[in-house]
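Engineer: Got a structure for you, written out below as structure tokens; questions coming shortly.
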2 protein chains.
Amino acid sequence: MTRLLSIGTYGEADTKALDEMGARFVPDLDAACALDDAARADVTAIAFKGSGSFDDAAMDRFPGLGLIANFGVGYDAIDVEAAEGRSIAVTNTPDVLNDDVADLAVAMWLMQGRRMLQADAHVRSGTWAEGTPFPLNRKVSGGTAGILGLGRIGYEIADRLAAFKMDIHYWSRSPKKTPGWTYHADPQSLAADVDFLFVAVVGGPETENLVDGRLLDALGPDGVLINISRGSVVDEAALLDRLERGALAGAGLDVFADEPRADPRFAKLDTVVLQPHQASATHATRGAMGQLQRDNIAAFFEGQDLLTPVV
Amino acid sequence: MTRLLSIGTYGEADTKALDEMGARFVPDLDAACALDDAARADVTAIAFKGSGSFDDAAMDRFPGLGLIANFGVGYDAIDVEAAEGRSIAVTNTPDVLNDDVADLAVAMWLMQGRRMLQADAHVRSGTWAEGTPFPLNRKVSGGTAGILGLGRIGYEIADRLAAFKMDIHYWSRSPKKTPGWTYHADPQSLAADVDFLFVAVVGGPETENLVDGRLLDALGPDGVLINISRGSVVDEAALLDRLERGALAGAGLDVFADEPRADPRFAKLDTVVLQPHQASATHATRGAMGQLQRDNIAAFFEGQDLLTPVV
């Protein structure tokens with residue numbers, strides 16, 4: 001009897017652990033939906049690590065489903081409202097990845113401002129050795145940073161930036177308890193007041209294209225956008241347009257509208273730092289995420305309270 | 001009458017400001033020493049921005065010299081003892097560059113650990129778009145960092161690292177007042193206890209090859225060396241040997257033994273981040289350094305106390 005279905009590609013340790021829990025493995029949601037009726041009817045819990053859309057129609061295929069345990073903090077691939085309507089619980093893996101994601105956000109900010117990709121190439125190519133000096137660049141610490149979405153990850157980013165003597169501004173649905181950071185009631189006002197804007201909102205329909213052309217114009221030609229949230233939050237056409245025109249100083253992007261097919265126009269820009277959605281991709285953190293996903297599944301099977309339910 | 005001689009290559013703004021102070025310009029110390037006797041005899045102050053060795057013999061050529069105003073915090077190119085013997089004052093430009101240097105140190109640490117150069121290339125080349133995932137890498141925050149030399153720059157590095165939840169250890173000639181950081185009485189003990197070692201001592205004969213093969217072995221195969229101090233502090237042959245053998249996990253280097261001719265063996269390694277001695281090379285900071293150099297010169301000419309004398 002298959003009670004647990006694993007959807008997606010897992011690492012060796014996670015695969016072994018899920019196997020020990022009796023999981024059946026399929027590579028993606030399409031393959032899951034294509035299982036025969038009997039196999040699908042048995043499934044009560046799904047370990048989900050996919051970018052496919054786990055919508056109403058997909059849930060229809062699993063009549064006995066009681067839990068979708070998502071691998072990752074962002075669960076925008078799952079229609080949570082549909083799940084709620086069917087009494088399917090949804091869990092994610094928050095918090096364990098906050099530090100890694102904040103680390104990468106700060107690193108992209110520093111790399112972009114100090115032009116460290118170009119500087120490494122300047123040494124590596126021998127250009128420096130031939131006597132060509134590397135141009136002066138931009139001081140980043142001591143400036144003004146805006147956090148768009150002061151959730152757990154946004155807070156970790158802000159806390160690191162504070163150690164770089166940054167003046168911290170943020171937008172959130174409501175003011176939060178902070179060590180004196182400046183609240184903005186709307187994203188536009190935030191973007192207008194800062195040099196560096198860090199996108200840390202959750203993905204999904206509510207934040208789609210929140211960072212649009214108008215907001216990027218408020219950030220302005222000295223502004224830099226750092227995104228570790230979701231590609232969907234940014235109007236990528238507007239972003240590319242402004243980067244190509246120099247109407248924005250630069251960007252650090254770990255996420256893209258259509259992953260992994262990052263728009264090739266980004267690759268032509270030397271004012272951007274590009275990362276392959278790797279913010280949480282360390283051995284330690286992915287290990288902790290897998291463990292939390294399995295702990296939620298185990299709690300479900302044992303009829304105990306879920307550790308990190310989404311709703 | 002040339003009272004002020006400018007040695008080195010300055011940016012436009014600094015050149016203009018030194019010109020307004022009546023400076024005569026030469027590109028390097030050799031050219032300065034080659035000026036005719038009358039020109040040299042007139043010189044009472046030198047604005048020095050050079051990597052040449054300002055030694056006893058060079059000082060002999062300027063019998064009326066009263067001040068060497070160094071551009072930069074590191075003045076290891078100047079024989080301070082010889083200067084003192086001749087009552088030549090020496091000034092440098094401390095503090096104004098601390099933030100930039102600490103920023104670059106932390107950035108190299110993050111980039112090396114999270115393999116961000118390789119990750120950027122993975123996106124830019126289209127490899128990610130073709131479906132090849134980027135390998136998991138190393139979590140850096142929450143680890144253990146050692147600061148070799150807890151001066152002003154070392155302190156700024158440590159303070160930033162603390163925001164990344166690092167456990168901070170340090171070596172210094174004597175224990176300092178810190179927020180609970182762990183003191184080590186010798187560099188060897190420091191290196192043995194940490195994963196990431198940040199070199200922040202001053203250059204010069206006293207620290208030459210302080211980071212030798214034995215210390216790198218104490219740092220070990222999981223260890224990473226970050227150097228924003230001087231190339232002379234590290235035994236580069238020992239470092240290259242360990243990096244090439246994998247006996248050290250990696251390095252972030254802004255300084256090299258023979259600048260700008262960084263050993264081409266470094267360029268072959270993908271475990272290192274290489275920077276062209278650009279730690280203080282931002283418009284804002286270089287501007288502040290030039291101003292402080294000139295303020296020292298002006299104070300000297302006006303018979304006032306020097307702002308930042310070295311001794």
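By order in the structure tokens, chains are A, B, ...; within a chain, residues start at 1; ligands start at 1, following the order shown.
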Quick one: residues within 6 Å of region 60-74 of chain B, only C-alpha atoms, excluding same-chain residues fewer than 3 positions away - as a list in words?
Structural biologist: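 Close residues of region 60-74 of chain B: Arg40, Ala41, Val43, Thr44, Ala45, Ile46, Ala47, Phe48, Lys49, Ala57, Ile88, Ala89, Val90, Thr91, Asn92, Thr93, Pro94 and Gln293 of chain B.
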Engineer: Tell me, counting only C-alpha atoms, for each residue of chain B within 7 Å of chain A, which pair of atoms is nearest and how far apart they are in Å to one decimal, in rows ordered by chain and increasing number, as a Markdown table.
Structural biologist:
| residue | atom | partner | partner_atom | distance |
| --- | --- | --- | --- | --- |
| B:Asp99 | CA | A:Ser141 | CA | 6.7 |
| B:Asp100 | CA | A:Lys139 | CA | 6.6 |
| B:Ala107 | CA | A:Ala107 | CA | 5.7 |
| B:Leu110 | CA | A:Ala107 | CA | 6.0 |
| B:Met111 | CA | A:Ala107 | CA | 6.7 |
| B:Leu117 | CA | A:Leu117 | CA | 6.6 |
| B:Ala119 | CA | A:Gln275 | CA | 5.4 |
| B:Asp120 | CA | A:Leu274 | CA | 4.8 |
| B:Val123 | CA | A:Pro276 | CA | 5.9 |
| B:Arg124 | CA | A:Ala267 | CA | 4.7 |
| B:Trp128 | CA | A:Pro260 | CA | 5.9 |
| B:Ala129 | CA | A:Arg261 | CA | 4.2 |
| B:Gly131 | CA | A:Pro260 | CA | 6.8 |
| B:Phe134 | CA | A:Pro276 | CA | 6.8 |
| B:Leu136 | CA | A:Thr282 | CA | 5.0 |
| B:Asn137 | CA | A:Thr282 | CA | 4.5 |
| B:Arg138 | CA | A:Thr282 | CA | 5.0 |
| B:Lys139 | CA | A:Thr282 | CA | 5.3 |
| B:Ser141 | CA | A:Asp99 | CA | 6.7 |
| B:Asp159 | CA | A:Ala163 | CA | 6.7 |
| B:Arg160 | CA | A:Ala163 | CA | 5.1 |
| B:Ala163 | CA | A:Arg160 | CA | 5.1 |
| B:Phe164 | CA | A:Arg160 | CA | 6.4 |
| B:Pro260 | CA | A:Ala129 | CA | 4.8 |
| B:Arg261 | CA | A:Ala129 | CA | 4.2 |
| B:Ala262 | CA | A:Ala129 | CA | 6.5 |
| B:Ala267 | CA | A:Arg124 | CA | 4.7 |
| B:Val273 | CA | A:Asp120 | CA | 6.5 |
| B:Leu274 | CA | A:Asp120 | CA | 4.8 |
| B:Gln275 | CA | A:Asp120 | CA | 5.2 |
| B:Pro276 | CA | A:Val123 | CA | 5.9 |
| B:Ala281 | CA | A:Leu136 | CA | 5.1 |
| B:Thr282 | CA | A:Asn137 | CA | 4.5 |
| B:His283 | CA | A:Leu136 | CA | 5.8 |
| B:Ala284 | CA | A:Lys139 | CA | 6.3 |
Engineer: Present chain A as a JSON list (two decimals) with C-alpha atoms, in the first residue's frame, least-squares fitted onto chain B over all of its C-alpha atoms paired in order.
Structural biologist:
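Wrote it out as out_7.json, contents follow:
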[["chain", "number", "residue", "atom", "x", "y", "z"],
["A", 1, "MET", "CA", 59.51, 77.05, -5.25],
["A", 2, "THR", "CA", 58.31, 73.46, -4.97],
["A", 3, "ARG", "CA", 57.51, 72.78, -1.36],
["A", 4, "LEU", "CA", 55.08, 69.93, -2.11],
["A", 5, "LEU", "CA", 56.02, 66.99, -4.29],
["A", 6, "SER", "CA", 53.34, 64.52, -5.36],
["A", 7, "ILE", "CA", 54.60, 61.00, -6.04],
["A", 8, "GLY", "CA", 52.32, 58.44, -7.73],
["A", 9, "THR", "CA", 49.24, 58.35, -9.92],
["A", 10, "TYR", "CA", 46.24, 60.20, -8.55],
["A", 11, "GLY", "CA", 42.68, 60.52, -9.79],
["A", 12, "GLU", "CA", 41.37, 63.67, -11.40],
["A", 13, "ALA", "CA", 39.93, 65.29, -8.27],
["A", 14, "ASP", "CA", 43.00, 64.55, -6.14],
["A", 15, "THR", "CA", 45.35, 65.80, -8.87],
["A", 16, "LYS", "CA", 43.40, 69.05, -9.13],
["A", 17, "ALA", "CA", 43.42, 69.54, -5.35],
["A", 18, "LEU", "CA", 47.14, 68.81, -5.04],
["A", 19, "ASP", "CA", 47.79, 71.17, -7.96],
["A", 20, "GLU", "CA", 45.93, 73.92, -6.11],
["A", 21, "MET", "CA", 48.29, 73.32, -3.20],
["A", 22, "GLY", "CA", 51.19, 74.04, -5.56],
["A", 23, "ALA", "CA", 52.37, 70.45, -5.97],
["A", 24, "ARG", "CA", 54.90, 69.32, -8.51],
["A", 25, "PHE", "CA", 54.00, 65.89, -9.92],
["A", 26, "VAL", "CA", 56.17, 62.84, -10.61],
["A", 27, "PRO", "CA", 54.84, 59.35, -11.40],
["A", 28, "ASP", "CA", 57.03, 57.36, -9.00],
["A", 29, "LEU", "CA", 59.84, 57.46, -6.46],
["A", 30, "ASP", "CA", 62.54, 56.89, -9.07],
["A", 31, "ALA", "CA", 61.40, 59.96, -10.98],
["A", 32, "ALA", "CA", 61.34, 61.91, -7.71],
["A", 33, "CYS", "CA", 64.89, 60.92, -6.87],
["A", 34, "ALA", "CA", 65.98, 61.86, -10.40],
["A", 35, "LEU", "CA", 64.87, 65.49, -10.06],
["A", 36, "ASP", "CA", 67.74, 67.99, -10.07],
["A", 37, "ASP", "CA", 69.37, 69.02, -6.79],
["A", 38, "ALA", "CA", 67.66, 72.37, -6.58],
["A", 39, "ALA", "CA", 64.20, 70.92, -7.09],
["A", 40, "ARG", "CA", 64.79, 68.24, -4.49],
["A", 41, "ALA", "CA", 66.26, 70.69, -1.97],
["A", 42, "ASP", "CA", 63.04, 72.72, -2.09],
["A", 43, "VAL", "CA", 60.78, 69.81, -1.14],
["A", 44, "THR", "CA", 59.50, 69.96, 2.42],
["A", 45, "ALA", "CA", 56.46, 67.69, 2.07],
["A", 46, "ILE", "CA", 55.70, 64.66, -0.11],
["A", 47, "ALA", "CA", 52.26, 63.34, -0.99],
["A", 48, "PHE", "CA", 53.14, 59.68, -1.39],
["A", 49, "LYS", "CA", 51.03, 57.13, -3.23],
["A", 50, "GLY", "CA", 53.43, 54.50, -4.35],
["A", 51, "SER", "CA", 54.50, 50.95, -3.92],
["A", 52, "GLY", "CA", 58.20, 51.71, -4.25],
["A", 53, "SER", "CA", 60.37, 51.50, -1.16],
["A", 54, "PHE", "CA", 60.77, 54.90, 0.50],
["A", 55, "ASP", "CA", 63.95, 53.98, 2.34],
["A", 56, "ASP", "CA", 66.94, 55.71, 3.90],
["A", 57, "ALA", "CA", 68.66, 56.23, 0.54],
["A", 58, "ALA", "CA", 65.55, 57.86, -0.94],
["A", 59, "MET", "CA", 65.22, 60.15, 2.10],
["A", 60, "ASP", "CA", 68.85, 61.20, 1.58],
["A", 61, "ARG", "CA", 67.77, 62.80, -1.68],
["A", 62, "PHE", "CA", 65.41, 65.23, 0.09],
["A", 63, "PRO", "CA", 67.44, 67.12, 2.70],
["A", 64, "GLY", "CA", 64.66, 69.58, 3.57],
["A", 65, "LEU", "CA", 61.89, 66.96, 3.86],
["A", 66, "GLY", "CA", 59.66, 67.27, 6.93],
["A", 67, "LEU", "CA", 56.59, 65.17, 5.99],
["A", 68, "ILE", "CA", 55.73, 62.07, 4.04],
["A", 69, "ALA", "CA", 51.94, 61.99, 3.78],
["A", 70, "ASN", "CA", 50.98, 58.49, 2.69],
["A", 71, "PHE", "CA", 47.82, 57.78, 0.71],
["A", 72, "GLY", "CA", 46.46, 54.61, 2.33],
["A", 73, "VAL", "CA", 46.40, 53.09, 5.77],
["A", 74, "GLY", "CA", 49.28, 50.67, 5.08],
["A", 75, "TYR", "CA", 52.61, 52.49, 5.12],
["A", 76, "ASP", "CA", 54.90, 49.47, 4.92],
["A", 77, "ALA", "CA", 56.56, 51.02, 1.83],
["A", 78, "ILE", "CA", 57.99, 53.75, 4.06],
["A", 79, "ASP", "CA", 60.95, 53.11, 6.40],
["A", 80, "VAL", "CA", 59.38, 54.80, 9.41],
["A", 81, "GLU", "CA", 62.43, 54.25, 11.63],
["A", 82, "ALA", "CA", 64.66, 56.04, 9.12],
["A", 83, "ALA", "CA", 62.10, 58.85, 8.91],
["A", 84, "GLU", "CA", 62.01, 59.20, 12.70],
["A", 85, "GLY", "CA", 65.81, 59.40, 12.80],
["A", 86, "ARG", "CA", 65.63, 62.40, 10.47],
["A", 87, "SER", "CA", 62.62, 64.00, 12.20],
["A", 88, "ILE", "CA", 60.51, 63.42, 9.11],
["A", 89, "ALA", "CA", 56.89, 63.02, 10.10],
["A", 90, "VAL", "CA", 54.83, 60.28, 8.45],
["A", 91, "THR", "CA", 51.05, 60.33, 8.17],
["A", 92, "ASN", "CA", 48.63, 57.80, 6.69],
["A", 93, "THR", "CA", 44.88, 57.72, 6.00],
["A", 94, "PRO", "CA", 43.35, 55.36, 8.57],
["A", 95, "ASP", "CA", 39.70, 54.76, 9.49],
["A", 96, "VAL", "CA", 38.10, 56.34, 6.43],
["A", 97, "LEU", "CA", 38.59, 53.07, 4.56],
["A", 98, "ASN", "CA", 37.65, 50.60, 7.31],
["A", 99, "ASP", "CA", 34.09, 50.06, 6.11],
["A", 100, "ASP", "CA", 34.98, 49.43, 2.48],
["A", 101, "VAL", "CA", 37.73, 46.99, 3.40],
["A", 102, "ALA", "CA", 35.49, 45.10, 5.81],
["A", 103, "ASP", "CA", 32.73, 45.02, 3.18],
["A", 104, "LEU", "CA", 35.04, 43.40, 0.66],
["A", 105, "ALA", "CA", 36.36, 40.87, 3.17],
["A", 106, "VAL", "CA", 32.85, 39.72, 4.07],
["A", 107, "ALA", "CA", 31.84, 39.67, 0.41],
["A", 108, "MET", "CA", 34.78, 37.44, -0.55],
["A", 109, "TRP", "CA", 33.89, 35.09, 2.31],
["A", 110, "LEU", "CA", 30.27, 34.77, 1.15],
["A", 111, "MET", "CA", 31.19, 34.46, -2.53],
["A", 112, "GLN", "CA", 33.76, 31.76, -1.88],
["A", 113, "GLY", "CA", 31.53, 29.67, 0.38],
["A", 114, "ARG", "CA", 28.43, 29.92, -1.76],
["A", 115, "ARG", "CA", 30.42, 29.53, -5.01],
["A", 116, "MET", "CA", 28.79, 32.61, -6.43],
["A", 117, "LEU", "CA", 31.25, 33.16, -9.27],
["A", 118, "GLN", "CA", 30.52, 29.66, -10.55],
["A", 119, "ALA", "CA", 26.79, 30.12, -9.90],
["A", 120, "ASP", "CA", 26.70, 33.35, -11.93],
["A", 121, "ALA", "CA", 28.51, 31.61, -14.78],
["A", 122, "HIS", "CA", 26.06, 28.69, -14.52],
["A", 123, "VAL", "CA", 23.17, 31.06, -15.26],
["A", 124, "ARG", "CA", 25.00, 33.31, -17.72],
["A", 125, "SER", "CA", 26.25, 30.42, -19.88],
["A", 126, "GLY", "CA", 22.76, 28.96, -20.24],
["A", 127, "THR", "CA", 23.78, 25.74, -18.45],
["A", 128, "TRP", "CA", 21.04, 26.22, -15.88],
["A", 129, "ALA", "CA", 18.47, 26.93, -18.60],
["A", 130, "GLU", "CA", 19.40, 23.63, -20.25],
["A", 131, "GLY", "CA", 18.29, 21.84, -17.09],
["A", 132, "THR", "CA", 21.59, 21.20, -15.28],
["A", 133, "PRO", "CA", 21.10, 21.98, -11.58],
["A", 134, "PHE", "CA", 23.79, 23.87, -9.70],
["A", 135, "PRO", "CA", 25.43, 21.69, -7.02],
["A", 136, "LEU", "CA", 24.66, 22.29, -3.35],
["A", 137, "ASN", "CA", 27.32, 24.28, -1.56],
["A", 138, "ARG", "CA", 28.42, 25.27, 1.88],
["A", 139, "LYS", "CA", 26.45, 27.08, 4.55],
["A", 140, "VAL", "CA", 28.61, 29.93, 5.76],
["A", 141, "SER", "CA", 26.64, 31.78, 8.43],
["A", 142, "GLY", "CA", 26.46, 30.28, 11.90],
["A", 143, "GLY", "CA", 30.05, 29.02, 11.63],
["A", 144, "THR", "CA", 33.31, 29.95, 13.29],
["A", 145, "ALA", "CA", 35.48, 32.85, 12.13],
["A", 146, "GLY", "CA", 38.93, 33.93, 13.21],
["A", 147, "ILE", "CA", 40.28, 37.46, 12.89],
["A", 148, "LEU", "CA", 44.06, 37.60, 12.69],
["A", 149, "GLY", "CA", 44.76, 41.11, 13.97],
["A", 150, "LEU", "CA", 41.89, 42.85, 15.73],
["A", 151, "GLY", "CA", 42.73, 46.42, 14.78],
["A", 152, "ARG", "CA", 40.22, 48.87, 13.44],
["A", 153, "ILE", "CA", 39.61, 46.95, 10.22],
["A", 154, "GLY", "CA", 39.60, 43.57, 11.95],
["A", 155, "TYR", "CA", 36.99, 44.88, 14.36],
["A", 156, "GLU", "CA", 34.77, 46.06, 11.51],
["A", 157, "ILE", "CA", 35.01, 42.64, 9.87],
["A", 158, "ALA", "CA", 34.18, 40.85, 13.13],
["A", 159, "ASP", "CA", 31.26, 43.15, 13.80],
["A", 160, "ARG", "CA", 29.74, 42.35, 10.39],
["A", 161, "LEU", "CA", 30.38, 38.62, 10.81],
["A", 162, "ALA", "CA", 28.60, 38.67, 14.17],
["A", 163, "ALA", "CA", 25.42, 39.67, 12.32],
["A", 164, "PHE", "CA", 25.84, 36.47, 10.32],
["A", 165, "LYS", "CA", 25.70, 34.59, 13.66],
["A", 166, "MET", "CA", 29.35, 33.66, 13.48],
["A", 167, "ASP", "CA", 31.25, 32.60, 16.56],
["A", 168, "ILE", "CA", 34.10, 35.14, 16.60],
["A", 169, "HIS", "CA", 37.66, 34.28, 17.63],
["A", 170, "TYR", "CA", 40.66, 36.59, 17.29],
["A", 171, "TRP", "CA", 44.37, 36.89, 17.76],
["A", 172, "SER", "CA", 45.99, 40.15, 18.70],
["A", 173, "ARG", "CA", 49.11, 41.08, 20.67],
["A", 174, "SER", "CA", 46.90, 41.46, 23.74],
["A", 175, "PRO", "CA", 43.23, 40.80, 24.54],
["A", 176, "LYS", "CA", 40.91, 43.59, 23.48],
["A", 177, "LYS", "CA", 37.60, 44.83, 24.75],
["A", 178, "THR", "CA", 35.05, 42.90, 22.68],
["A", 179, "PRO", "CA", 31.43, 41.78, 22.94],
["A", 180, "GLY", "CA", 32.49, 38.34, 24.14],
["A", 181, "TRP", "CA", 34.75, 37.29, 21.29],
["A", 182, "THR", "CA", 37.30, 34.57, 22.06],
["A", 183, "TYR", "CA", 40.93, 35.64, 22.42],
["A", 184, "HIS", "CA", 43.79, 33.40, 21.27],
["A", 185, "ALA", "CA", 47.31, 34.06, 22.48],
["A", 186, "ASP", "CA", 48.86, 32.69, 19.30],
["A", 187, "PRO", "CA", 47.84, 32.56, 15.61],
["A", 188, "GLN", "CA", 48.28, 28.79, 15.47],
["A", 189, "SER", "CA", 45.63, 28.19, 18.13],
["A", 190, "LEU", "CA", 43.30, 30.62, 16.34],
["A", 191, "ALA", "CA", 43.68, 28.86, 12.99],
["A", 192, "ALA", "CA", 43.06, 25.46, 14.56],
["A", 193, "ASP", "CA", 39.76, 26.57, 16.09],
["A", 194, "VAL", "CA", 38.07, 28.25, 13.13],
["A", 195, "ASP", "CA", 36.76, 27.47, 9.65],
["A", 196, "PHE", "CA", 37.30, 30.92, 8.18],
["A", 197, "LEU", "CA", 40.42, 32.96, 8.87],
["A", 198, "PHE", "CA", 40.44, 36.69, 8.07],
["A", 199, "VAL", "CA", 43.90, 38.29, 7.83],
["A", 200, "ALA", "CA", 43.72, 41.88, 9.09],
["A", 201, "VAL", "CA", 47.15, 42.56, 10.58],
["A", 202, "VAL", "CA", 49.32, 45.44, 9.37],
["A", 203, "GLY", "CA", 51.98, 44.63, 6.78],
["A", 204, "GLY", "CA", 55.72, 45.06, 7.17],
["A", 205, "PRO", "CA", 58.63, 42.94, 8.39],
["A", 206, "GLU", "CA", 56.99, 41.95, 11.68],
["A", 207, "THR", "CA", 54.12, 40.12, 10.01],
["A", 208, "GLU", "CA", 55.97, 38.74, 6.98],
["A", 209, "ASN", "CA", 54.87, 35.15, 6.30],
["A", 210, "LEU", "CA", 52.90, 35.11, 9.56],
["A", 211, "VAL", "CA", 50.46, 32.90, 7.67],
["A", 212, "ASP", "CA", 52.82, 30.07, 6.79],
["A", 213, "GLY", "CA", 52.33, 26.42, 5.82],
["A", 214, "ARG", "CA", 52.00, 25.30, 9.42],
["A", 215, "LEU", "CA", 49.25, 27.81, 10.13],
["A", 216, "LEU", "CA", 47.44, 26.88, 6.91],
["A", 217, "ASP", "CA", 47.60, 23.23, 7.95],
["A", 218, "ALA", "CA", 46.03, 24.16, 11.29],
["A", 219, "LEU", "CA", 43.23, 25.87, 9.34],
["A", 220, "GLY", "CA", 42.87, 22.58, 7.49],
["A", 221, "PRO", "CA", 41.00, 21.13, 4.51],
["A", 222, "ASP", "CA", 37.69, 22.75, 5.51],
["A", 223, "GLY", "CA", 39.41, 26.06, 6.11],
["A", 224, "VAL", "CA", 39.17, 29.21, 4.03],
["A", 225, "LEU", "CA", 41.66, 32.09, 4.12],
["A", 226, "ILE", "CA", 40.49, 35.65, 3.47],
["A", 227, "ASN", "CA", 43.23, 38.27, 3.06],
["A", 228, "ILE", "CA", 42.61, 42.01, 2.80],
["A", 229, "SER", "CA", 45.84, 42.99, 4.56],
["A", 230, "ARG", "CA", 49.07, 42.62, 2.57],
["A", 231, "GLY", "CA", 50.37, 39.85, 0.34],
["A", 232, "SER", "CA", 53.57, 39.80, 2.39],
["A", 233, "VAL", "CA", 51.70, 38.39, 5.41],
["A", 234, "VAL", "CA", 51.04, 35.10, 3.60],
["A", 235, "ASP", "CA", 53.58, 32.55, 2.41],
["A", 236, "GLU", "CA", 52.08, 32.42, -1.07],
["A", 237, "ALA", "CA", 53.97, 29.30, -2.17],
["A", 238, "ALA", "CA", 52.59, 27.43, 0.84],
["A", 239, "LEU", "CA", 49.10, 28.76, 0.15],
["A", 240, "LEU", "CA", 49.16, 27.78, -3.53],
["A", 241, "ASP", "CA", 50.47, 24.35, -2.67],
["A", 242, "ARG", "CA", 47.63, 23.68, -0.22],
["A", 243, "LEU", "CA", 44.94, 25.11, -2.49],
["A", 244, "GLU", "CA", 46.15, 22.99, -5.41],
["A", 245, "ARG", "CA", 46.21, 19.85, -3.24],
["A", 246, "GLY", "CA", 42.82, 20.56, -1.68],
["A", 247, "ALA", "CA", 44.49, 20.77, 1.73],
["A", 248, "LEU", "CA", 42.68, 24.09, 2.14],
["A", 249, "ALA", "CA", 39.05, 24.57, 1.05],
["A", 250, "GLY", "CA", 39.62, 27.94, -0.55],
["A", 251, "ALA", "CA", 40.65, 31.56, -0.32],
["A", 252, "GLY", "CA", 39.48, 35.08, -0.96],
["A", 253, "LEU", "CA", 42.40, 37.32, -1.83],
["A", 254, "ASP", "CA", 42.50, 41.06, -2.43],
["A", 255, "VAL", "CA", 46.28, 41.27, -1.99],
["A", 256, "PHE", "CA", 49.21, 39.36, -3.43],
["A", 257, "ALA", "CA", 52.94, 38.99, -2.90],
["A", 258, "ASP", "CA", 53.90, 40.71, -6.14],
["A", 259, "GLU", "CA", 51.19, 43.17, -7.18],
["A", 260, "PRO", "CA", 49.80, 43.59, -9.73],
["A", 261, "ARG", "CA", 51.42, 40.40, -11.00],
["A", 262, "ALA", "CA", 49.23, 37.93, -9.11],
["A", 263, "ASP", "CA", 50.68, 34.44, -9.51],
["A", 264, "PRO", "CA", 48.92, 32.91, -12.55],
["A", 265, "ARG", "CA", 48.51, 29.65, -10.60],
["A", 266, "PHE", "CA", 45.71, 31.37, -8.63],
["A", 267, "ALA", "CA", 43.75, 31.95, -11.83],
["A", 268, "LYS", "CA", 43.53, 28.21, -12.46],
["A", 269, "LEU", "CA", 41.76, 27.55, -9.14],
["A", 270, "ASP", "CA", 37.99, 27.58, -8.88],
["A", 271, "THR", "CA", 38.06, 27.58, -5.06],
["A", 272, "VAL", "CA", 39.35, 31.14, -4.87],
["A", 273, "VAL", "CA", 37.89, 34.60, -5.26],
["A", 274, "LEU", "CA", 40.48, 37.04, -6.62],
["A", 275, "GLN", "CA", 40.30, 40.84, -6.35],
["A", 276, "PRO", "CA", 42.74, 43.46, -7.70],
["A", 277, "HIS", "CA", 43.62, 45.14, -4.37],
["A", 278, "GLN", "CA", 40.38, 47.07, -4.55],
["A", 279, "ALA", "CA", 39.23, 46.89, -0.93],
["A", 280, "SER", "CA", 39.26, 50.67, -0.49],
["A", 281, "ALA", "CA", 38.66, 51.46, -4.16],
["A", 282, "THR", "CA", 35.33, 53.23, -4.05],
["A", 283, "HIS", "CA", 34.78, 56.79, -5.20],
["A", 284, "ALA", "CA", 33.61, 57.87, -1.75],
["A", 285, "THR", "CA", 36.46, 56.32, 0.19],
["A", 286, "ARG", "CA", 39.28, 57.22, -2.16],
["A", 287, "GLY", "CA", 37.92, 60.77, -2.02],
["A", 288, "ALA", "CA", 38.05, 60.73, 1.77],
["A", 289, "MET", "CA", 41.57, 59.26, 1.73],
["A", 290, "GLY", "CA", 42.81, 62.01, -0.59],
["A", 291, "GLN", "CA", 41.20, 64.66, 1.58],
["A", 292, "LEU", "CA", 42.83, 63.28, 4.73],
["A", 293, "GLN", "CA", 46.22, 63.13, 3.01],
["A", 294, "ARG", "CA", 45.87, 66.80, 2.00],
["A", 295, "ASP", "CA", 44.56, 67.80, 5.43],
["A", 296, "ASN", "CA", 47.75, 66.38, 6.94],
["A", 297, "ILE", "CA", 49.88, 68.29, 4.41],
["A", 298, "ALA", "CA", 47.99, 71.53, 5.08],
["A", 299, "ALA", "CA", 48.41, 71.08, 8.85],
["A", 300, "PHE", "CA", 52.13, 70.54, 8.32],
["A", 301, "PHE", "CA", 52.51, 73.69, 6.22],
["A", 302, "GLU", "CA", 50.55, 75.71, 8.78],
["A", 303, "GLY", "CA", 52.61, 74.34, 11.67],
["A", 304, "GLN", "CA", 49.59, 72.70, 13.28],
["A", 305, "ASP", "CA", 49.26, 69.23, 14.77],
["A", 306, "LEU", "CA", 49.12, 66.49, 12.16],
["A", 307, "LEU", "CA", 45.74, 64.73, 12.00],
["A", 308, "THR", "CA", 46.85, 61.12, 11.61],
["A", 309, "PRO", "CA", 50.57, 60.74, 12.34],
["A", 310, "VAL", "CA", 51.89, 57.18, 12.10],
["A", 311, "VAL", "CA", 54.38, 57.56, 14.97]]
Engineer: DSSP on the backbone, strand (DSSP E or B) only: what residues of region 6-130 of chain B does that give? Format it as a list of chain:residue names.
Structural biologist: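 So the strand (DSSP E or B) residues in region 6-130 of chain B would be B:Ser6, B:Ile7, B:Arg24, B:Phe25, B:Val26, B:Ala45, B:Ile46, B:Ala47, B:Phe48, B:Phe54, B:Leu67, B:Ile68, B:Ala69, B:Asn70, B:Ile78, B:Ala89, B:Val90, B:Thr91.
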Engineer: Using DSSP secondary structure from the backbone, list all helix (DSSP H, G or I) positions within region 75-248 of chain A, as an MDAnalysis selection string.
Structural biologist: chainID A and resid 80:85 98:113 116:124 152:163 187:193 205:207 213:219 231:233 236:245
